[in-house]
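To be precise, the following lines are final.txt, and they hold compact mmCIF, C-alpha atoms and all ligand atoms.
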# COMPACT_ATOMS: atom_id res chain seq x y z
CA MET R 1 -33.91 -45.96 -1.64
CA CYS R 2 -33.13 -42.70 0.17
CA PHE R 3 -30.72 -41.28 -2.50
CA THR R 4 -33.62 -40.87 -4.81
CA THR R 5 -35.91 -38.79 -2.60
CA PRO R 6 -36.48 -35.30 -4.01
CA ALA R 7 -35.07 -33.72 -0.84
CA MET R 8 -31.86 -35.70 -1.16
CA LYS R 9 -31.58 -34.86 -4.84
CA ARG R 10 -31.94 -31.16 -4.04
CA ARG R 11 -29.23 -31.47 -1.40
CA LEU R 12 -26.91 -33.23 -3.83
CA VAL R 13 -27.43 -30.55 -6.48
CA LEU R 14 -26.74 -27.84 -3.89
CA LEU R 15 -23.61 -29.62 -2.72
CA PHE R 16 -22.36 -29.97 -6.27
CA ALA R 17 -23.05 -26.28 -6.99
CA LEU R 18 -21.14 -25.27 -3.85
CA PHE R 19 -18.25 -27.53 -4.83
CA ALA R 20 -18.15 -26.07 -8.37
CA LEU R 21 -18.28 -22.52 -7.02
CA SER R 22 -15.46 -23.07 -4.57
CA ALA R 23 -13.37 -24.77 -7.27
CA LEU R 24 -13.95 -21.73 -9.48
CA ALA R 25 -12.91 -19.36 -6.71
CA GLN R 26 -9.75 -21.40 -6.15
CA THR R 27 -8.72 -21.20 -9.77
CA SER R 28 -9.20 -17.46 -10.24
CA PRO R 29 -5.71 -16.07 -10.91
CA SER R 30 -6.30 -13.28 -8.40
CA THR R 31 -7.00 -15.58 -5.44
CA ASN R 32 -4.40 -15.19 -2.70
CA LEU R 33 -2.80 -12.04 -4.13
CA ALA R 34 -1.33 -9.62 -1.58
CA PRO R 35 -1.89 -11.77 1.53
CA THR R 36 0.24 -9.15 3.31
CA PRO R 37 0.52 -5.48 2.26
CA PRO R 38 2.43 -5.18 -1.05
CA MET R 39 5.98 -3.80 -0.79
CA GLY R 40 7.99 -2.22 -3.56
CA TRP R 41 9.06 0.99 -5.27
CA ASN R 42 7.15 3.39 -7.54
CA SER R 43 8.53 6.16 -9.74
CA TRP R 44 5.93 8.91 -9.16
CA ASN R 45 6.81 10.60 -5.87
CA LYS R 46 10.37 11.41 -6.89
CA PHE R 47 10.48 11.30 -10.69
CA ALA R 48 6.91 12.08 -11.85
CA CYS R 49 6.95 11.91 -15.70
CA ASN R 50 10.71 11.60 -15.90
CA VAL R 51 10.72 7.81 -16.27
CA SER R 52 12.93 5.65 -18.49
CA ASP R 53 14.23 2.13 -18.94
CA GLU R 54 17.57 3.13 -17.45
CA LEU R 55 15.96 4.69 -14.36
CA ILE R 56 13.72 1.71 -13.64
CA ARG R 57 16.54 -0.81 -14.14
CA GLY R 58 18.69 1.30 -11.82
CA MET R 59 16.03 1.14 -9.12
CA ALA R 60 15.68 -2.63 -9.47
CA ASP R 61 19.46 -2.99 -9.11
CA ALA R 62 19.42 -0.66 -6.09
CA LEU R 63 16.58 -2.61 -4.46
CA VAL R 64 18.73 -5.73 -4.66
CA LYS R 65 22.05 -4.08 -3.69
CA SER R 66 20.65 -2.09 -0.77
CA GLY R 67 19.15 -5.16 0.89
CA MET R 68 15.63 -3.84 0.35
CA LYS R 69 14.68 -6.88 -1.69
CA ASP R 70 15.85 -9.08 1.18
CA ALA R 71 13.79 -6.93 3.54
CA GLY R 72 10.67 -7.76 1.50
CA TYR R 73 10.35 -5.08 -1.21
CA GLN R 74 9.15 -6.85 -4.32
CA TYR R 75 7.27 -4.76 -6.92
CA VAL R 76 9.02 -2.22 -9.15
CA VAL R 77 6.25 -0.03 -10.54
CA ILE R 78 6.45 2.52 -13.37
CA ASP R 79 3.81 5.14 -12.73
CA ASP R 80 2.35 7.57 -15.29
CA CYS R 81 4.02 8.69 -18.55
CA TRP R 82 5.51 5.47 -19.91
CA GLN R 83 2.78 5.47 -22.60
CA VAL R 84 2.42 7.91 -25.49
CA SER R 85 -0.34 6.80 -27.87
CA ARG R 86 -2.33 3.94 -29.35
CA ASP R 87 -1.52 2.28 -32.65
CA GLU R 88 -3.96 1.81 -35.54
CA VAL R 89 -5.59 -1.22 -33.87
CA GLY R 90 -5.76 0.42 -30.47
CA ASN R 91 -2.79 -1.22 -28.78
CA ILE R 92 -1.13 0.95 -26.19
CA VAL R 93 2.26 2.29 -27.34
CA ALA R 94 5.16 2.88 -24.93
CA ASP R 95 7.55 5.82 -25.33
CA ALA R 96 10.15 4.25 -27.62
CA GLN R 97 12.79 6.86 -26.82
CA ARG R 98 12.57 6.38 -23.09
CA PHE R 99 11.98 2.63 -23.26
CA PRO R 100 14.19 1.48 -26.17
CA HIS R 101 13.98 -2.20 -25.13
CA GLY R 102 10.20 -2.09 -24.96
CA ILE R 103 8.20 -2.74 -21.83
CA LYS R 104 8.72 -6.49 -22.29
CA GLY R 105 12.50 -6.02 -22.30
CA LEU R 106 12.29 -4.03 -19.09
CA ALA R 107 9.91 -6.50 -17.43
CA ASP R 108 12.23 -9.39 -18.33
CA TYR R 109 15.12 -7.53 -16.74
CA ILE R 110 13.17 -6.82 -13.54
CA HIS R 111 12.17 -10.48 -13.34
CA SER R 112 15.80 -11.55 -13.87
CA THR R 113 16.68 -9.73 -10.64
CA GLY R 114 14.05 -11.74 -8.77
CA LEU R 115 11.68 -8.78 -8.46
CA LYS R 116 8.17 -8.27 -9.84
CA PHE R 117 7.02 -5.66 -12.32
CA GLY R 118 4.21 -3.13 -12.08
CA ILE R 119 2.69 -0.62 -14.44
CA TYR R 120 0.14 2.22 -14.37
CA SER R 121 -3.01 3.09 -16.27
CA ASP R 122 -6.26 4.95 -15.74
CA ALA R 123 -9.93 3.99 -15.90
CA GLY R 124 -10.78 7.13 -17.86
CA SER R 125 -10.01 8.35 -21.35
CA LYS R 126 -6.69 9.85 -20.26
CA THR R 127 -4.30 9.40 -17.36
CA CYS R 128 -3.73 12.20 -14.87
CA ALA R 129 -0.72 13.32 -16.90
CA GLY R 130 -2.81 13.29 -20.10
CA ARG R 131 -1.53 10.02 -21.61
CA PRO R 132 -3.99 7.49 -23.13
CA GLY R 133 -6.21 5.86 -20.49
CA SER R 134 -7.74 2.37 -20.67
CA LEU R 135 -11.40 3.35 -21.15
CA GLY R 136 -12.80 1.10 -23.88
CA HIS R 137 -9.51 -0.82 -24.09
CA GLU R 138 -9.66 -2.69 -20.78
CA TYR R 139 -9.37 -6.25 -22.13
CA GLN R 140 -6.92 -5.21 -24.82
CA ASP R 141 -4.66 -3.49 -22.29
CA ALA R 142 -4.91 -6.31 -19.77
CA ARG R 143 -3.88 -8.81 -22.48
CA GLN R 144 -0.93 -6.59 -23.38
CA TYR R 145 0.16 -6.26 -19.74
CA ALA R 146 0.01 -10.03 -19.28
CA ALA R 147 2.04 -10.55 -22.47
CA TRP R 148 4.66 -8.13 -21.14
CA GLY R 149 4.81 -9.95 -17.78
CA VAL R 150 3.11 -7.32 -15.62
CA ASP R 151 2.48 -8.43 -12.02
CA TYR R 152 0.84 -5.28 -10.60
CA LEU R 153 -1.44 -2.60 -12.06
CA LYS R 154 -2.00 0.79 -10.45
CA TYR R 155 -5.27 1.99 -11.98
CA ASP R 156 -6.01 5.70 -11.62
CA TRP R 157 -9.23 7.72 -11.80
CA CYS R 158 -8.57 10.91 -13.83
CA ASN R 159 -10.85 11.85 -16.75
CA THR R 160 -13.55 9.35 -15.86
CA THR R 161 -16.42 11.91 -16.08
CA THR R 162 -19.65 9.95 -15.39
CA GLN R 163 -18.15 6.47 -15.00
CA ASP R 164 -19.18 4.39 -12.00
CA ALA R 165 -16.13 3.61 -9.88
CA PRO R 166 -16.99 0.09 -8.60
CA ALA R 167 -18.05 -0.94 -12.12
CA ALA R 168 -14.90 0.49 -13.73
CA TYR R 169 -12.60 -1.32 -11.30
CA ALA R 170 -14.61 -4.57 -11.51
CA LEU R 171 -14.24 -4.42 -15.29
CA MET R 172 -10.47 -4.10 -15.11
CA ARG R 173 -10.27 -6.90 -12.53
CA ALA R 174 -12.29 -9.14 -14.88
CA ALA R 175 -10.00 -8.19 -17.78
CA LEU R 176 -6.87 -8.96 -15.75
CA ASP R 177 -8.29 -12.28 -14.57
CA ALA R 178 -9.25 -13.24 -18.12
CA THR R 179 -5.55 -13.19 -19.03
CA GLY R 180 -4.89 -16.01 -16.57
CA ARG R 181 -1.96 -14.10 -15.05
CA PRO R 182 -2.09 -13.15 -11.35
CA ILE R 183 -1.95 -9.32 -11.32
CA VAL R 184 -2.32 -7.21 -8.20
CA LEU R 185 -4.96 -4.49 -8.72
CA SER R 186 -4.13 -1.21 -7.01
CA ILE R 187 -7.23 0.99 -7.01
CA CYS R 188 -6.25 4.66 -7.16
CA GLU R 189 -9.54 6.49 -6.78
CA TRP R 190 -8.37 8.78 -3.95
CA GLY R 191 -11.19 7.77 -1.60
CA LYS R 192 -13.81 9.80 -3.47
CA ALA R 193 -16.44 7.03 -3.71
CA GLN R 194 -15.35 5.36 -0.44
CA PRO R 195 -13.53 2.43 -2.07
CA TRP R 196 -13.07 0.76 1.33
CA LEU R 197 -16.79 -0.13 1.03
CA TRP R 198 -16.50 -1.92 -2.34
CA GLY R 199 -12.79 -2.35 -3.16
CA LYS R 200 -12.63 -5.91 -1.86
CA ARG R 201 -15.86 -6.93 -3.60
CA VAL R 202 -14.60 -5.79 -7.01
CA GLY R 203 -11.28 -7.62 -6.57
CA GLY R 204 -9.07 -4.69 -5.63
CA ASN R 205 -6.05 -5.66 -3.54
CA LEU R 206 -5.45 -2.14 -2.26
CA TRP R 207 -7.27 1.14 -2.61
CA ARG R 208 -6.10 4.67 -2.12
CA ALA R 209 -8.10 6.20 0.70
CA THR R 210 -7.04 9.82 0.22
CA GLY R 211 -5.76 12.38 -2.26
CA ASP R 212 -2.06 12.44 -3.10
CA ILE R 213 0.62 12.56 -0.46
CA GLN R 214 3.30 15.21 -0.74
CA ASP R 215 6.68 15.26 0.93
CA ARG R 216 5.74 17.34 3.98
CA TRP R 217 4.85 16.73 7.60
CA GLU R 218 1.38 18.28 7.67
CA GLY R 219 -1.07 20.50 5.87
CA LYS R 220 -3.52 20.23 2.99
CA LYS R 221 -2.62 22.23 -0.11
CA GLU R 222 -4.73 23.00 -3.16
CA TRP R 223 -3.08 21.98 -6.45
CA SER R 224 -4.43 25.18 -7.95
CA PRO R 225 -7.19 27.50 -6.74
CA GLY R 226 -10.34 25.39 -6.29
CA ASP R 227 -8.56 22.09 -7.03
CA CYS R 228 -8.18 20.31 -3.69
CA CYS R 229 -5.65 18.88 -2.47
CA SER R 230 -2.40 17.20 -1.64
CA TYR R 231 -1.78 16.07 1.93
CA GLY R 232 1.00 15.88 4.49
CA VAL R 233 1.77 12.74 6.47
CA VAL R 234 -0.21 13.76 9.56
CA ASP R 235 -3.32 14.63 7.53
CA ILE R 236 -3.24 11.21 5.91
CA ILE R 237 -2.80 9.39 9.22
CA ASP R 238 -5.89 11.17 10.55
CA ALA R 239 -7.87 10.48 7.36
CA VAL R 240 -7.35 6.70 7.50
CA ALA R 241 -7.56 6.30 11.29
CA ASP R 242 -11.16 5.07 11.28
CA LEU R 243 -10.88 2.72 8.29
CA TYR R 244 -9.24 -0.13 10.18
CA SER R 245 -12.14 -2.57 9.91
CA TYR R 246 -11.91 -2.63 6.09
CA ALA R 247 -8.31 -3.88 5.84
CA GLY R 248 -7.30 -7.51 5.83
CA PRO R 249 -5.31 -10.14 3.91
CA GLY R 250 -5.68 -9.48 0.18
CA HIS R 251 -7.37 -6.07 0.53
CA TRP R 252 -5.69 -3.06 2.10
CA ASN R 253 -6.36 0.60 2.70
CA ASP R 254 -3.66 2.55 0.84
CA PRO R 255 -2.65 5.86 2.43
CA ASP R 256 -0.44 6.49 -0.65
CA MET R 257 3.21 5.78 -1.33
CA LEU R 258 6.14 6.60 0.92
CA GLU R 259 7.95 9.93 0.79
CA VAL R 260 10.76 8.66 3.04
CA GLY R 261 14.05 10.05 1.73
CA ASN R 262 12.66 12.69 -0.63
CA GLY R 263 14.06 15.58 1.39
CA GLY R 264 11.02 17.46 2.70
CA MET R 265 11.01 16.06 6.24
CA THR R 266 13.48 15.35 9.04
CA ASP R 267 14.70 11.83 9.74
CA THR R 268 12.54 11.82 12.89
CA GLU R 269 9.50 12.67 10.77
CA TYR R 270 10.39 10.03 8.19
CA ARG R 271 10.68 7.46 11.01
CA SER R 272 7.17 8.46 12.15
CA HIS R 273 5.87 8.24 8.56
CA PHE R 274 7.34 4.75 8.11
CA SER R 275 6.21 3.54 11.55
CA PHE R 276 2.63 4.60 10.87
CA TRP R 277 2.52 3.04 7.42
CA ALA R 278 3.77 -0.18 9.03
CA LEU R 279 1.20 -0.06 11.84
CA LEU R 280 -1.62 0.81 9.42
CA ALA R 281 -0.88 -2.35 7.41
CA ALA R 282 -0.34 0.01 4.48
CA PRO R 283 1.41 -0.99 1.27
CA LEU R 284 5.08 -0.05 1.73
CA ILE R 285 5.90 1.42 -1.68
CA ALA R 286 9.11 3.45 -1.46
CA GLY R 287 9.24 6.56 -3.63
CA ASN R 288 12.77 7.92 -3.25
CA ASP R 289 15.96 7.62 -5.30
CA LEU R 290 17.30 4.31 -4.02
CA ARG R 291 20.59 4.74 -5.91
CA THR R 292 21.73 7.63 -3.75
CA MET R 293 19.98 7.26 -0.40
CA PRO R 294 21.99 8.13 2.72
CA PRO R 295 22.46 5.52 5.47
CA GLU R 296 19.79 7.06 7.75
CA ILE R 297 17.15 6.66 5.04
CA HIS R 298 18.35 3.16 4.20
CA ASP R 299 18.05 2.23 7.88
CA ILE R 300 14.47 3.48 8.02
CA LEU R 301 13.36 1.65 4.87
CA THR R 302 15.05 -1.62 5.88
CA ASN R 303 14.12 -1.78 9.56
CA LYS R 304 13.11 -5.43 9.58
CA GLU R 305 11.46 -5.27 12.99
CA VAL R 306 9.14 -2.50 11.83
CA ILE R 307 8.53 -4.25 8.49
CA ALA R 308 7.58 -7.44 10.38
CA ILE R 309 4.78 -5.47 12.08
CA ASN R 310 3.51 -4.38 8.65
CA GLN R 311 3.76 -7.87 7.21
CA ASP R 312 2.23 -9.71 10.16
CA PRO R 313 -0.01 -12.39 8.60
CA LEU R 314 -3.03 -11.60 10.79
CA GLY R 315 -3.37 -8.50 8.61
CA ARG R 316 -4.96 -6.16 11.13
CA GLN R 317 -4.71 -2.44 10.52
CA GLY R 318 -3.57 -0.71 13.73
CA ARG R 319 -5.96 1.70 15.37
CA ARG R 320 -5.83 4.75 17.54
CA VAL R 321 -6.66 4.00 21.16
CA ARG R 322 -6.08 7.47 22.59
CA LYS R 323 -5.97 11.01 21.20
CA ASP R 324 -5.05 13.78 23.59
CA ASN R 325 -5.53 17.06 21.75
CA GLN R 326 -4.20 19.12 24.63
CA LEU R 327 -0.89 17.28 24.99
CA LYS R 328 -0.82 16.56 21.25
CA VAL R 329 -0.28 12.89 21.93
CA ASP R 330 -1.75 9.78 20.26
CA VAL R 331 -1.43 6.14 21.25
CA TRP R 332 -1.98 3.50 18.57
CA ALA R 333 -1.97 -0.32 18.73
CA LYS R 334 -1.97 -3.19 16.25
CA GLN R 335 -2.78 -6.74 17.23
CA LEU R 336 -0.37 -9.33 15.84
CA THR R 337 -0.79 -13.03 15.01
CA ASP R 338 0.75 -14.24 18.27
CA GLY R 339 -1.53 -11.98 20.34
CA SER R 340 1.18 -9.42 21.05
CA ARG R 341 0.73 -5.75 20.19
CA ALA R 342 2.75 -3.24 18.23
CA VAL R 343 2.33 0.17 19.84
CA ILE R 344 3.08 3.67 18.62
CA LEU R 345 3.46 6.51 21.11
CA PHE R 346 3.12 9.57 18.89
CA ASN R 347 4.21 13.08 19.81
CA ARG R 348 2.51 15.58 17.47
CA GLY R 349 3.89 18.46 19.52
CA THR R 350 6.95 20.61 19.01
CA ALA R 351 8.78 19.66 22.24
CA GLU R 352 10.03 16.30 23.52
CA GLN R 353 7.69 14.58 25.99
CA ASN R 354 7.30 11.42 27.98
CA ILE R 355 4.35 9.29 26.83
CA ALA R 356 2.93 6.40 28.84
CA VAL R 357 0.48 3.66 27.84
CA ASN R 358 -1.24 1.21 30.14
CA TRP R 359 -2.09 -2.33 29.12
CA GLU R 360 -5.87 -1.87 29.26
CA GLU R 361 -5.66 0.73 26.50
CA ILE R 362 -4.09 -1.83 24.18
CA GLY R 363 -6.45 -4.64 25.06
CA TYR R 364 -4.75 -6.48 27.91
CA PRO R 365 -5.72 -7.04 31.53
CA ALA R 366 -4.29 -4.28 33.73
CA ASN R 367 -1.78 -6.22 35.71
CA ILE R 368 -0.16 -8.72 33.41
CA VAL R 369 3.59 -8.78 32.86
CA ALA R 370 4.82 -8.22 29.30
CA SER R 371 8.21 -7.94 27.58
CA VAL R 372 8.65 -4.61 25.87
CA ARG R 373 10.97 -4.06 22.92
CA ASP R 374 11.87 -0.79 21.21
CA LEU R 375 11.75 -1.42 17.46
CA TRP R 376 13.82 1.62 16.47
CA GLN R 377 16.50 1.25 19.13
CA HIS R 378 16.46 -2.53 18.58
CA LYS R 379 16.57 -2.92 22.33
CA ASP R 380 14.71 -5.03 24.90
CA LEU R 381 13.30 -2.82 27.62
CA GLY R 382 12.63 -5.75 29.97
CA LYS R 383 9.51 -7.13 31.57
CA GLN R 384 7.02 -4.52 32.64
CA THR R 385 3.79 -4.71 34.63
CA GLY R 386 0.63 -2.81 33.69
CA LYS R 387 2.21 -0.08 31.59
CA THR R 388 5.22 1.27 29.80
CA ALA R 389 6.45 4.70 28.74
CA ALA R 390 9.04 6.35 26.51
CA THR R 391 10.53 9.76 25.89
CA VAL R 392 9.49 10.81 22.40
CA PRO R 393 10.98 13.68 20.36
CA ALA R 394 8.85 16.36 18.69
CA HIS R 395 7.06 14.93 15.61
CA GLY R 396 8.46 11.55 16.63
CA VAL R 397 7.27 8.14 17.67
CA ALA R 398 8.35 5.38 19.97
CA MET R 399 7.43 2.09 18.32
CA LEU R 400 7.25 -0.81 20.72
CA ALA R 401 6.37 -4.48 20.68
CA VAL R 402 4.50 -5.57 23.82
CA ARG R 403 4.54 -9.34 24.36
CA PRO R 404 2.78 -10.83 27.40
C1 LIG X 501 -2.62 10.74 -9.58
C2 LIG X 501 -2.24 9.66 -8.58
C3 LIG X 501 -0.75 9.74 -8.31
C4 LIG X 501 0.02 9.54 -9.61
C5 LIG X 501 -0.42 10.58 -10.64
C6 LIG X 501 0.16 10.29 -12.02
O1 LIG X 501 -2.45 12.01 -9.04
O2 LIG X 501 -2.97 9.81 -7.39
O3 LIG X 501 -0.36 8.75 -7.35
O4 LIG X 501 -0.20 8.24 -10.09
O5 LIG X 501 -1.84 10.60 -10.76
O6 LIG X 501 -0.24 11.22 -12.96

Now, as a test, write the supplied structure out as structure tokens.
Amino acid sequence: MCFTTPAMKRRLVLLFALFALSALAQTSPSTNLAPTPPMGWNSWNKFACNVSDELIRGMADALVKSGMKDAGYQYVVIDDCWQVSRDEVGNIVADAQRFPHGIKGLADYIHSTGLKFGIYSDAGSKTCAGRPGSLGHEYQDARQYAAWGVDYLKYDWCNTTTQDAPAAYALMRAALDATGRPIVLSICEWGKAQPWLWGKRVGGNLWRATGDIQDRWEGKKEWSPGDCCSYGVVDIIDAVADLYSYAGPGHWNDPDMLEVGNGGMTDTEYRSHFSFWALLAAPLIAGNDLRTMPPEIHDILTNKEVIAINQDPLGRQGRRVRKDNQLKVDVWAKQLTDGSRAVILFNRGTAEQNIAVNWEEIGYPANIVASVRDLWQHKDLGKQTGKTAATVPAHGVAMLAVRP
């Protein structure tokens, strides 16, 4: 009978192995994490080491009260400096003065507001601020995070000396998965070992592609002589422009957290910053003081039409389709699930100018008719044939949806 032929047996064994493998993949706690770019708030850009229970609770409350939670922001992440030492058995110890209710108490509070909770560590012996890192304690730390109710880990790369980056991040992913709790892994390796090439393979959900952002429009600056560099918004946009093919559901290029509202740029520049992060399918992790933000900043961070471009389930990272160095103009486009395009007309220059885009540049036949909507003015610009254009302020963008 044919079921007993060796060829059939081999096929059955293969089929069973495939079935077992796919079942295993389905049950991994990290399957389906971050299907769209993660959104949330992180303490570093504004508060650096000045973190506390009261501050983080205040931000969770503000996320809810400001409507940001409703707009999609979800993770509240404490960055560096919550940890001070290890105890006699190697467990990580939180700063008891700054976190008097323990990390578990804080996590429970964040969860009670309907938000998720994130924390920070480092693959090396020490964090960038010199606190204990996770090297040699990966499984122990992961178990602790899971017991606290951590949903998101930002894992930094300071003091790693000769460690291998893919191996270090794969190890932490394995440790997180072994806890059984789904935990987003945010790789923070600053692009040094090209994490876009291996971040997905090692189970990273997002990976920093550059050095740290700082709250300025443009320009690289050394931290100290010989120690390169922090970056302005424009530098980061240019650095991630060619990485679009590596982003997709569950695994995103991370051009670093938002500086919107931190005071170093104009509202026009912050609108450009936010528009680009949305178009780049970047994680939208706010980094300002949400308790005191003025209405203009609130309106940028909660622009639901722009956020919808970022969160589009197709998960494409937008790409530059034109760069005119003479006029200092870029045109960028992002394909969306329904086939429409989000478009950014970007004026890098210092004077207002009119910027046009024709349909062929954004991947449409030349003469089709499309509805155009301005996502900052929240205004339909009507049906247009072949092209559209907008007047764009210095350092500004027009962000449009083009729907044939
Ligand atoms: C590095 C990271 C930053 C921040 C600090 C904390 O510089 O890139 O985002 O986490 O460390 O020390």

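A straight line drawn from CA of Leu106 (chain R) to CA of Trp148 (chain R) is 8.9 Å long.
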
| field | Nearby residues, ligand LIG 501 (chain X), 10 Å, only C-alpha atoms and all ligand atoms, as a PyMOL selection string | value | chain R and resi 42-45+48-49+78-81+120-122+126-131+154-158+187-190+208+210-214+230+256-257

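Going from CA of Lys69 (chain R) to CA of Pro35 (chain R) covers 17.6 Å.
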
Exercise: Val234 (chain R) partners within 10 Å, all atoms listed in the file, chain neighbours under 6 positions left out, as an mmCIF file with C-alpha atoms, in the coordinates of the input:
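part.cif, freshly written:
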data_model
loop_
_atom_site.group_PDB
_atom_site.id
_atom_site.type_symbol
_atom_site.label_atom_id
_atom_site.label_comp_id
_atom_site.auth_asym_id
_atom_site.auth_seq_id
_atom_site.Cartn_x
_atom_site.Cartn_y
_atom_site.Cartn_z
ATOM 1 C CA ARG R 216 5.740 17.340 3.980
ATOM 2 C CA TRP R 217 4.850 16.730 7.600
ATOM 3 C CA GLU R 218 1.380 18.280 7.670
ATOM 4 C CA GLY R 219 -1.070 20.500 5.870
ATOM 5 C CA LYS R 220 -3.520 20.230 2.990
ATOM 6 C CA GLU R 269 9.500 12.670 10.770
ATOM 7 C CA SER R 272 7.170 8.460 12.150
ATOM 8 C CA HIS R 273 5.870 8.240 8.560
ATOM 9 C CA PHE R 276 2.630 4.600 10.870
ATOM 10 C CA ARG R 348 2.510 15.580 17.470
ATOM 11 C CA HIS R 395 7.060 14.930 15.610
#

| request: Fewer than 5 positions away in the same chain doesn't count, so skip those; otherwise give me all residues within 6 Å of region 316-331 of chain R, counting all atoms listed in the file, as a ChimeraX atom specification. | output: /R:244,248,279-281,344-349

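Nearest to Gln353 (chain R) of all the residues R:Ala390, R:Leu375, R:Ile183, R:Ile92 is R:Ala390, counting all atoms listed in the file.
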
For the contact check between region 241-281 of chain R and region 292-310 of chain R, emit one row per residue of region 241-281 of chain R within 9 Å, containing the shortest atom pair and the distance in Å rounded to one decimal, counting only C-alpha atoms, chain then rising number order, as a tab-separated table.
residue	atom	partner	partner_atom	distance
R:Val260	CA	R:Ile297	CA	7.0
R:Gly261	CA	R:Ile297	CA	5.7
R:Asp267	CA	R:Glu296	CA	7.3
R:Tyr270	CA	R:Ile300	CA	7.7
R:Arg271	CA	R:Ile300	CA	6.3
R:Phe274	CA	R:Ile300	CA	7.2
R:Ser275	CA	R:Val306	CA	6.7
R:Trp277	CA	R:Asn310	CA	7.6
R:Ala278	CA	R:Asn310	CA	4.2
R:Leu279	CA	R:Asn310	CA	5.8
R:Leu280	CA	R:Asn310	CA	7.3
R:Ala281	CA	R:Asn310	CA	5.0

Pull C-alpha atoms from the residues just selected and write them as a PDB file, in the frame of the given file.
ATOM      1  CA  VAL R 260      10.760   8.660   3.040  1.00  0.00           C
ATOM      2  CA  GLY R 261      14.050  10.050   1.730  1.00  0.00           C
ATOM      3  CA  ASP R 267      14.700  11.830   9.740  1.00  0.00           C
ATOM      4  CA  TYR R 270      10.390  10.030   8.190  1.00  0.00           C
ATOM      5  CA  ARG R 271      10.680   7.460  11.010  1.00  0.00           C
ATOM      6  CA  PHE R 274       7.340   4.750   8.110  1.00  0.00           C
ATOM      7  CA  SER R 275       6.210   3.540  11.550  1.00  0.00           C
ATOM      8  CA  TRP R 277       2.520   3.040   7.420  1.00  0.00           C
ATOM      9  CA  ALA R 278       3.770  -0.180   9.030  1.00  0.00           C
ATOM     10  CA  LEU R 279       1.200  -0.060  11.840  1.00  0.00           C
ATOM     11  CA  LEU R 280      -1.620   0.810   9.420  1.00  0.00           C
ATOM     12  CA  ALA R 281      -0.880  -2.350   7.410  1.00  0.00           C
TER      13      ALA R 281
END

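With CA of Arg173 (chain R) on one side and CA of Leu185 (chain R) on the other, the separation reads 7.0 Å.
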
| Using only C-alpha atoms, which residues sit within 10 Å of Gly102 (chain R) once same-chain residues fewer than 5 positions away are excluded, as an MDAnalysis selection string? | chainID R and resid 53 93:97 107 148

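Proximity of R:Gln83, R:Ala342, R:Ala366, R:Ala333 to Ser52 (chain R), computed with all atoms listed in the file, is greatest for R:Gln83.
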
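Taking all atoms listed in the file into account, Asn205 (chain R) lies nearest to R:Asp254 out of the set R:Asp254, R:Glu259, R:Glu360, R:Asp87.
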
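With all atoms listed in the file as the basis for measurement, R:Tyr75 is the residue among R:Tyr75, R:Tyr109, R:Trp252, R:Tyr231 that approaches Tyr152 (chain R) most closely.
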
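Nearest to Pro38 (chain R) of all the residues R:Gln311, R:Thr268, R:Gln144, R:Asn50 is R:Gln311, based on all atoms listed in the file.
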
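Using only C-alpha atoms, the residues found no farther than 7 Å from Thr160 (chain R), other than those of its own chain fewer than 5 positions away, are Ala123, Gly124 and Ser125 of chain R.
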
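Of the listed residues R:Ala401, R:Leu381, R:Ala286, R:Ile110, the one whose atoms come nearest to Gly339 (chain R) is R:Ala401, with distances taken using all atoms listed in the file.
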
| Residues near Thr388 (chain R), cut-off 7 Å, all atoms listed in the file, skip fewer than 4 positions along chain, as a PyMOL selection string | chain R and resi 356-358+384

Any chance you can output those residues with C-alpha atoms as a compact mmCIF listing (two decimals), in the coordinates of the input?
# COMPACT_ATOMS: atom_id res chain seq x y z
CA ALA R 356 2.93 6.40 28.84
CA VAL R 357 0.48 3.66 27.84
CA ASN R 358 -1.24 1.21 30.14
CA GLN R 384 7.02 -4.52 32.64

| message | (-3.4, -16.7, -16.5) in this file's frame - what residues fall within 12 Å of it? Use all atoms listed in the file and give the answer as a PyMOL selection string. | response | chain R and resi 27-31+142-143+145-147+149-151+174-183

Selected residues, C-alpha atoms, written as a CSV table (one decimal), keeping the file's coordinate frame, please.
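Wrote again32.csv, looks like this:
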chain,number,residue,atom,x,y,z
R,27,THR,CA,-8.7,-21.2,-9.8
R,28,SER,CA,-9.2,-17.5,-10.2
R,29,PRO,CA,-5.7,-16.1,-10.9
R,30,SER,CA,-6.3,-13.3,-8.4
R,31,THR,CA,-7.0,-15.6,-5.4
R,142,ALA,CA,-4.9,-6.3,-19.8
R,143,ARG,CA,-3.9,-8.8,-22.5
R,145,TYR,CA,0.2,-6.3,-19.7
R,146,ALA,CA,0.0,-10.0,-19.3
R,147,ALA,CA,2.0,-10.6,-22.5
R,149,GLY,CA,4.8,-10.0,-17.8
R,150,VAL,CA,3.1,-7.3,-15.6
R,151,ASP,CA,2.5,-8.4,-12.0
R,174,ALA,CA,-12.3,-9.1,-14.9
R,175,ALA,CA,-10.0,-8.2,-17.8
R,176,LEU,CA,-6.9,-9.0,-15.8
R,177,ASP,CA,-8.3,-12.3,-14.6
R,178,ALA,CA,-9.2,-13.2,-18.1
R,179,THR,CA,-5.6,-13.2,-19.0
R,180,GLY,CA,-4.9,-16.0,-16.6
R,181,ARG,CA,-2.0,-14.1,-15.0
R,182,PRO,CA,-2.1,-13.2,-11.4
R,183,ILE,CA,-2.0,-9.3,-11.3
